[in-house]
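S.K.: For reference, the file structure.pdb (PDB, C-alpha atoms) is included below:
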ATOM      1  CA  MET A   1       0.000   0.000   0.000
ATOM      2  CA  GLU A   2       2.831   2.395   0.873
ATOM      3  CA  HIS A   3       4.387   1.750  -2.548
ATOM      4  CA  LEU A   4       1.097   2.567  -4.325
ATOM      5  CA  ILE A   5       0.617   5.796  -2.353
ATOM      6  CA  ASN A   6       4.196   6.849  -3.073
ATOM      7  CA  LEU A   7       3.818   6.008  -6.774
ATOM      8  CA  PHE A   8       0.520   7.931  -6.953
ATOM      9  CA  PHE A   9       1.734  11.158  -5.359
ATOM     10  CA  ARG A  10       5.096  11.000  -7.081
ATOM     11  CA  SER A  11       3.457  10.763 -10.511
ATOM     12  CA  ILE A  12       1.286  13.817  -9.719
ATOM     13  CA  PHE A  13       3.839  16.162  -8.181
ATOM     14  CA  VAL A  14       7.395  14.944  -8.796
ATOM     15  CA  ASP A  15       7.144  13.265 -12.217
ATOM     16  CA  ASN A  16       4.444  15.613 -13.513
ATOM     17  CA  MET A  17       4.071  15.134 -17.283
ATOM     18  CA  ILE A  18       3.899  18.873 -17.937
ATOM     19  CA  PHE A  19       6.200  20.435 -15.372
ATOM     20  CA  ALA A  20       8.861  17.707 -15.131
ATOM     21  CA  PHE A  21       8.934  16.337 -18.691
ATOM     22  CA  PHE A  22       7.043  19.000 -20.705
ATOM     23  CA  LEU A  23       5.005  16.290 -22.473
ATOM     24  CA  GLY A  24       1.682  17.206 -24.073
ATOM     25  CA  MET A  25       2.568  20.883 -24.364
ATOM     26  CA  CYS A  26       0.799  21.466 -27.697
ATOM     27  CA  SER A  27      -2.725  20.813 -26.411
ATOM     28  CA  PHE A  28      -1.767  22.192 -22.981
ATOM     29  CA  LEU A  29      -0.947  25.609 -24.443
ATOM     30  CA  ALA A  30      -3.747  25.660 -27.015
ATOM     31  CA  VAL A  31      -6.675  24.580 -24.809
ATOM     32  CA  SER A  32      -5.781  26.146 -21.439
ATOM     33  CA  LYS A  33      -7.531  29.457 -22.133
ATOM     34  CA  ASN A  34     -10.279  28.858 -19.564
ATOM     35  CA  VAL A  35     -10.921  26.479 -16.683
ATOM     36  CA  LYS A  36     -13.989  24.726 -18.134
ATOM     37  CA  THR A  37     -12.330  23.619 -21.361
ATOM     38  CA  SER A  38      -9.087  22.783 -19.539
ATOM     39  CA  PHE A  39     -10.948  20.586 -17.074
ATOM     40  CA  GLY A  40     -12.762  18.754 -19.870
ATOM     41  CA  LEU A  41      -9.583  17.980 -21.774
ATOM     42  CA  GLY A  42      -7.790  17.063 -18.537
ATOM     43  CA  LEU A  43     -10.502  14.537 -17.676
ATOM     44  CA  ALA A  44     -10.351  13.068 -21.190
ATOM     45  CA  VAL A  45      -6.561  12.686 -21.020
ATOM     46  CA  THR A  46      -6.795  11.143 -17.532
ATOM     47  CA  PHE A  47      -9.383   8.613 -18.707
ATOM     48  CA  VAL A  48      -7.288   7.677 -21.741
ATOM     49  CA  LEU A  49      -4.226   7.207 -19.510
ATOM     50  CA  VAL A  50      -6.079   5.083 -16.936
ATOM     51  CA  VAL A  51      -7.294   2.738 -19.686
ATOM     52  CA  THR A  52      -4.261   2.607 -21.995
ATOM     53  CA  VAL A  53      -1.376   2.257 -19.525
ATOM     54  CA  PRO A  54      -2.741  -0.922 -17.797
ATOM     55  CA  VAL A  55      -3.648  -2.409 -21.198
ATOM     56  CA  ASP A  56      -0.137  -1.620 -22.453
ATOM     57  CA  TYR A  57       1.299  -3.136 -19.254
ATOM     58  CA  LEU A  58      -0.595  -6.393 -19.852
ATOM     59  CA  LEU A  59       0.473  -6.410 -23.505
ATOM     60  CA  GLN A  60       4.090  -5.886 -22.519
ATOM     61  CA  THR A  61       4.284  -8.418 -19.687
ATOM     62  CA  LYS A  62       1.871 -11.132 -20.888
ATOM     63  CA  VAL A  63       2.361 -11.075 -24.655
ATOM     64  CA  LEU A  64       5.402  -9.185 -25.915
ATOM     65  CA  ASP A  65       8.062 -10.109 -23.313
ATOM     66  CA  PRO A  66       7.227 -13.863 -23.116
ATOM     67  CA  MET A  67       7.192 -14.134 -26.920
ATOM     68  CA  GLY A  68      10.312 -12.026 -27.442
ATOM     69  CA  LEU A  69       8.379  -9.392 -29.394
ATOM     70  CA  SER A  70       9.274  -6.341 -27.298
ATOM     71  CA  TYR A  71      10.365  -4.495 -30.431
ATOM     72  CA  LEU A  72       6.676  -4.298 -31.442
ATOM     73  CA  SER A  73       5.670  -2.434 -28.269
ATOM     74  CA  PHE A  74       5.828   1.027 -29.828
ATOM     75  CA  ILE A  75       3.428   0.116 -32.653
ATOM     76  CA  LEU A  76       1.004  -1.716 -30.366
ATOM     77  CA  PHE A  77       0.991   1.097 -27.787
ATOM     78  CA  ILE A  78       0.050   3.561 -30.539
ATOM     79  CA  ALA A  79      -2.760   1.264 -31.734
ATOM     80  CA  VAL A  80      -4.194   0.917 -28.199
ATOM     81  CA  ILE A  81      -4.050   4.693 -27.601
ATOM     82  CA  ALA A  82      -5.707   5.459 -30.942
ATOM     83  CA  GLY A  83      -8.526   2.988 -30.247
ATOM     84  CA  ILE A  84      -9.269   4.348 -26.772
ATOM     85  CA  VAL A  85      -9.177   7.965 -27.979
ATOM     86  CA  GLN A  86     -11.683   7.112 -30.708
ATOM     87  CA  ILE A  87     -14.062   5.735 -28.068
ATOM     88  CA  VAL A  88     -13.584   8.828 -25.845
ATOM     89  CA  GLU A  89     -14.252  11.122 -28.824
ATOM     90  CA  MET A  90     -17.525   9.347 -29.651
ATOM     91  CA  VAL A  91     -18.688   9.436 -26.008
ATOM     92  CA  VAL A  92     -17.893  13.150 -25.568
ATOM     93  CA  GLU A  93     -19.589  14.018 -28.873
ATOM     94  CA  ARG A  94     -22.681  12.040 -27.833
ATOM     95  CA  TYR A  95     -23.075  13.268 -24.250
ATOM     96  CA  SER A  96     -21.390  16.703 -24.228
ATOM     97  CA  PRO A  97     -21.587  18.402 -27.634
ATOM     98  CA  ALA A  98     -20.615  21.786 -26.139
ATOM     99  CA  LEU A  99     -17.373  20.377 -24.707
ATOM    100  CA  TYR A 100     -16.749  18.489 -27.950
ATOM    101  CA  ASN A 101     -17.049  21.725 -29.943
ATOM    102  CA  SER A 102     -14.899  23.737 -27.525
ATOM    103  CA  LEU A 103     -12.104  21.137 -27.593
ATOM    104  CA  GLY A 104     -12.238  21.015 -31.379
ATOM    105  CA  ILE A 105      -9.332  19.255 -33.057
ATOM    106  CA  PHE A 106      -7.507  18.733 -29.753
ATOM    107  CA  LEU A 107      -9.806  15.900 -28.639
ATOM    108  CA  PRO A 108      -8.827  13.490 -31.446
ATOM    109  CA  LEU A 109      -5.266  14.763 -31.085
ATOM    110  CA  ILE A 110      -5.087  13.068 -27.663
ATOM    111  CA  ALA A 111      -4.114  10.047 -29.773
ATOM    112  CA  VAL A 112      -0.824  11.796 -30.562
ATOM    113  CA  ASN A 113      -0.504  13.545 -27.203
ATOM    114  CA  CYS A 114       3.035  12.699 -26.146
ATOM    115  CA  ALA A 115       1.981  12.665 -22.462
ATOM    116  CA  VAL A 116      -0.126   9.548 -23.130
ATOM    117  CA  MET A 117       2.586   7.786 -25.111
ATOM    118  CA  GLY A 118       5.210   8.985 -22.632
ATOM    119  CA  ALA A 119       3.332   7.413 -19.709
ATOM    120  CA  SER A 120       3.244   4.048 -21.517
ATOM    121  CA  LEU A 121       6.963   4.227 -22.324
ATOM    122  CA  PHE A 122       7.861   5.286 -18.762
ATOM    123  CA  MET A 123       5.756   2.356 -17.510
ATOM    124  CA  GLN A 124       7.726   0.063 -19.817
ATOM    125  CA  GLN A 125      11.012   1.334 -18.344
ATOM    126  CA  ARG A 126       9.796   0.949 -14.765
ATOM    127  CA  ILE A 127       8.906  -2.722 -15.230
ATOM    128  CA  ASN A 128      12.649  -3.429 -15.412
ATOM    129  CA  MET A 129      13.565  -1.352 -12.353
ATOM    130  CA  ASP A 130      14.720  -2.718  -9.015
ATOM    131  CA  PRO A 131      11.559  -3.671  -7.041
ATOM    132  CA  ALA A 132      12.932  -1.676  -4.096
ATOM    133  CA  ASN A 133      12.708   1.492  -6.205
ATOM    134  CA  SER A 134       9.680   3.664  -5.364
ATOM    135  CA  GLN A 135       8.993   4.094  -9.097
ATOM    136  CA  TYR A 136       8.888   0.339  -9.810
ATOM    137  CA  ILE A 137       5.791  -0.948 -11.643
ATOM    138  CA  GLY A 138       5.352  -4.656 -10.990
ATOM    139  CA  SER A 139       1.619  -5.283 -11.338
ATOM    140  CA  VAL A 140      -1.409  -4.052 -13.221
ATOM    141  CA  TRP A 141      -2.482  -2.182 -10.058
ATOM    142  CA  ASP A 142       0.812  -0.307 -10.061
ATOM    143  CA  ALA A 143       0.164   0.585 -13.706
ATOM    144  CA  ILE A 144      -3.366   1.830 -12.922
ATOM    145  CA  ILE A 145      -2.181   3.963  -9.996
ATOM    146  CA  TYR A 146       0.704   5.360 -12.043
ATOM    147  CA  ALA A 147      -1.646   6.190 -14.934
ATOM    148  CA  LEU A 148      -4.200   7.809 -12.604
ATOM    149  CA  GLY A 149      -1.526   9.902 -10.908
ATOM    150  CA  SER A 150      -0.023  10.954 -14.252
ATOM    151  CA  GLY A 151      -3.456  11.907 -15.569
ATOM    152  CA  LEU A 152      -4.372  13.881 -12.453
ATOM    153  CA  GLY A 153      -0.997  15.632 -12.619
ATOM    154  CA  TRP A 154      -1.720  16.662 -16.211
ATOM    155  CA  LEU A 155      -5.258  17.695 -15.222
ATOM    156  CA  LEU A 156      -3.936  19.759 -12.305
ATOM    157  CA  ALA A 157      -1.404  21.486 -14.554
ATOM    158  CA  ILE A 158      -3.867  22.424 -17.308
ATOM    159  CA  VAL A 159      -6.604  23.576 -14.896
ATOM    160  CA  LEU A 160      -4.136  25.774 -12.992
ATOM    161  CA  MET A 161      -2.916  27.186 -16.285
ATOM    162  CA  GLY A 162      -6.502  27.808 -17.430
ATOM    163  CA  ALA A 163      -7.294  29.676 -14.185
ATOM    164  CA  ILE A 164      -4.159  31.812 -14.472
ATOM    165  CA  ARG A 165      -4.823  32.650 -18.131
ATOM    166  CA  GLU A 166      -8.396  33.667 -17.290
ATOM    167  CA  LYS A 167      -7.004  36.123 -14.731
ATOM    168  CA  MET A 168      -4.345  37.364 -17.156
ATOM    169  CA  GLU A 169      -7.098  38.465 -19.555
ATOM    170  CA  TYR A 170      -7.749  41.320 -17.117
ATOM    171  CA  SER A 171      -4.090  41.984 -16.284
ATOM    172  CA  ASP A 172      -1.895  44.702 -17.692
ATOM    173  CA  VAL A 173       0.577  42.441 -19.494
ATOM    174  CA  PRO A 174       3.289  44.303 -21.473
ATOM    175  CA  LYS A 175       2.324  44.311 -25.163
ATOM    176  CA  PRO A 176       5.365  42.314 -26.449
ATOM    177  CA  LEU A 177       4.610  39.499 -23.951
ATOM    178  CA  ARG A 178       0.893  39.115 -24.597
ATOM    179  CA  GLY A 179      -0.326  35.722 -25.777
ATOM    180  CA  LEU A 180       2.163  32.853 -25.819
ATOM    181  CA  GLY A 181       5.025  34.966 -24.438
ATOM    182  CA  ILE A 182       3.539  35.444 -20.980
ATOM    183  CA  THR A 183       2.132  31.893 -21.129
ATOM    184  CA  PHE A 184       5.612  30.386 -21.595
ATOM    185  CA  ILE A 185       6.973  32.508 -18.749
ATOM    186  CA  THR A 186       4.094  31.378 -16.512
ATOM    187  CA  VAL A 187       4.651  27.691 -17.365
ATOM    188  CA  GLY A 188       8.347  28.088 -16.545
ATOM    189  CA  LEU A 189       7.586  29.673 -13.165
ATOM    190  CA  MET A 190       5.025  26.950 -12.380
ATOM    191  CA  ALA A 191       7.568  24.257 -13.290
ATOM    192  CA  MET A 192      10.116  25.872 -10.969
ATOM    193  CA  ALA A 193       7.519  25.962  -8.185
ATOM    194  CA  MET A 194       6.752  22.251  -8.686
ATOM    195  CA  MET A 195      10.442  21.462  -8.182
ATOM    196  CA  CYS A 196       9.845  21.929  -4.445
ATOM    197  CA  PHE A 197       8.264  18.434  -4.514
ATOM    198  CA  SER A 198      11.364  16.804  -6.047
ATOM    199  CA  GLY A 199      12.502  15.361  -2.719
ATOM    200  CA  LEU A 200       9.028  14.107  -1.767
ATOM    201  CA  LYS A 201       9.024  10.664  -0.130
ATOM    202  CA  ILE A 202       6.088   8.969   1.564
TER
END
Can you present the structure in this file as structure tokens?
M.R.:
Amino acid sequence: MEHLINLFFRSIFVDNMIFAFFLGMCSFLAVSKNVKTSFGLGLAVTFVLVVTVPVDYLLQTKVLDPMGLSYLSFILFIAVIAGIVQIVEMVVERYSPALYNSLGIFLPLIAVNCAVMGASLFMQQRINMDPANSQYIGSVWDAIIYALGSGLGWLLAIVLMGAIREKMEYSDVPKPLRGLGITFITVGLMAMAMMCFSGLKI
């Protein structure tokens, strides 16, 4: 249990996909203009992660490794991600047309969101780690917790960014920095702030 708690909080705060690895920045910067849209995309990414990472874990440990086909993992991970994203897109379009329209092209682009692929590849690396390591993933439950933490970390990052950008609409930002300029500076400052969690141990 201690290992799962450590893995969960570490994947949110220490190994945050945005602030530690800068993965998924394209949709992060494009969609984080308000909290509502940011939250919707964050939930979609979290759901995709929670489904794809355990499936990729089972593929890796039960099929690819025993059969000596590990070199196919990249292709199969992409196929799993694309399939799950297609399902998420259909569900969002059916039950929340307003969110579907506000997310626009960035909802299907979750399939090529490097945060999702990055989580699967990090999971693959952590299977081979020393079991004593706090980042070790040795079961499907570890994979689920890691995926949930990674997704919530991405959700936290994009919602915070959405809230800050909403406030910046009413701020007196110097003209040369308006738009992406001040956004990049803000992301950098947020990443520096998140570094305070780098020594976190449960």
S.K.: So, counting all atoms listed in the file, which residue among A:Gln124, A:Leu23, A:Asn16, A:Ile110 is closest to Leu59 in chain A?
M.R.: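 Nearest candidate to Leu59 in chain A out of A:Gln124, A:Leu23, A:Asn16, A:Ile110: A:Gln124.
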S.K.: Would you mind listing what lies within 12 Å of range 130-140 of chain A as a PyMOL selection string, with only C-alpha atoms counted and same-chain residues fewer than 4 positions away left out?
M.R.: chain A and resi 1-11+14-15+50-62+119-126+144-147+200-202
S.K.: Would you pick out the contacts of Cys26 in chain A at 10 Å or less, using only C-alpha atoms, so that residues sharing its chain but fewer than 5 positions from it are not included, and give the list as a VMD selection string?
M.R.: chain A and resid 31 106 109 113 to 114
S.K.: Keeping only C-alpha atoms, take the residues you just selected and write them out as an mmCIF file, in the coordinates of the input.
M.R.:
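Output file again34.cif follows:
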data_model
loop_
_atom_site.group_PDB
_atom_site.id
_atom_site.type_symbol
_atom_site.label_atom_id
_atom_site.label_comp_id
_atom_site.auth_asym_id
_atom_site.auth_seq_id
_atom_site.Cartn_x
_atom_site.Cartn_y
_atom_site.Cartn_z
ATOM 1 C CA VAL A 31 -6.675 24.580 -24.809
ATOM 2 C CA PHE A 106 -7.507 18.733 -29.753
ATOM 3 C CA LEU A 109 -5.266 14.763 -31.085
ATOM 4 C CA ASN A 113 -0.504 13.545 -27.203
ATOM 5 C CA CYS A 114 3.035 12.699 -26.146
#
S.K.: Would you pick out the contacts of range 188-190 of chain A at 10 Å or less, using all atoms listed in the file, so that residues sharing its chain but fewer than 3 positions from it are not included, and give the list as an mmCIF file with C-alpha atoms, keeping the file's coordinate frame?
M.R.:
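Okay, this is what ended up in part_38.cif:
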data_model
loop_
_atom_site.group_PDB
_atom_site.id
_atom_site.type_symbol
_atom_site.label_atom_id
_atom_site.label_comp_id
_atom_site.auth_asym_id
_atom_site.auth_seq_id
_atom_site.Cartn_x
_atom_site.Cartn_y
_atom_site.Cartn_z
ATOM 1 C CA ILE A 18 3.899 18.873 -17.937
ATOM 2 C CA PHE A 19 6.200 20.435 -15.372
ATOM 3 C CA ALA A 157 -1.404 21.486 -14.554
ATOM 4 C CA LEU A 160 -4.136 25.774 -12.992
ATOM 5 C CA MET A 161 -2.916 27.186 -16.285
ATOM 6 C CA ILE A 182 3.539 35.444 -20.980
ATOM 7 C CA THR A 183 2.132 31.893 -21.129
ATOM 8 C CA PHE A 184 5.612 30.386 -21.595
ATOM 9 C CA ILE A 185 6.973 32.508 -18.749
ATOM 10 C CA ALA A 193 7.519 25.962 -8.185
ATOM 11 C CA MET A 194 6.752 22.251 -8.686
ATOM 12 C CA MET A 195 10.442 21.462 -8.182
#
S.K.: Take CA of Phe47 in chain A and CA of Val63 in chain A and report the distance between them in Å, one decimal.
M.R.: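 Going from CA of Phe47 in chain A over to CA of Val63 in chain A, I get 23.7 Å.
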S.K.: Evaluated on this file, the PyMOL selection byres ((chain A and resi 24) around 10) picks out some residues - which ones are they, written as number ranges by chain?
M.R.: A: 17-18, 21-23, 25-29, 45, 110, 112-118, 154
S.K.: Which residues fall under the PyMOL selection byres ((chain A and resi 33-38) around 8) in this file, as a list in words?
M.R.: Leu29, Ala30, Val31, Ser32, Phe39, Gly40, Leu41, Gly42, Leu99, Ser102, Leu103, Leu155, Ile158, Val159, Leu160, Met161, Gly162, Ala163, Arg165 and Glu166 of chain A
S.K.: In Å, with one decimal, what is the gap from CA of Tyr95 in chain A to CA of Gly151 in chain A?
M.R.: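 A separation of 21.5 Å between them.
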S.K.: From the list A:Ala98, A:Ile12, A:Val173, A:Met90, which residue is nearest Thr186 in chain A when using all atoms listed in the file?
M.R.: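 Result for the nearest residue to Thr186 in chain A: A:Val173.
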S.K.: How many Å lie between CA of Val91 in chain A and CA of Ala44 in chain A, rounded to one decimal?
M.R.: 10.3 Å
S.K.: Point out the residue among A:Pro108, A:Gly83, A:Gly68, A:Gly153 with the least atom-to-atom distance to Phe13 in chain A, counting all atoms listed in the file.
M.R.: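 Closest to Phe13 in chain A, using all atoms listed in the file: A:Gly153.
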S.K.: Draw an axis-aligned box tight on the listed atoms of range 157-172 of chain A, then pad every side by 3 Å and write out centre and edge lengths in Å to one decimal as lines of an AutoDock Vina configuration file.
M.R.:
center_x = -4.9
center_y = 33.1
center_z = -16.3
size_x = 13.0
size_y = 29.2
size_z = 12.6
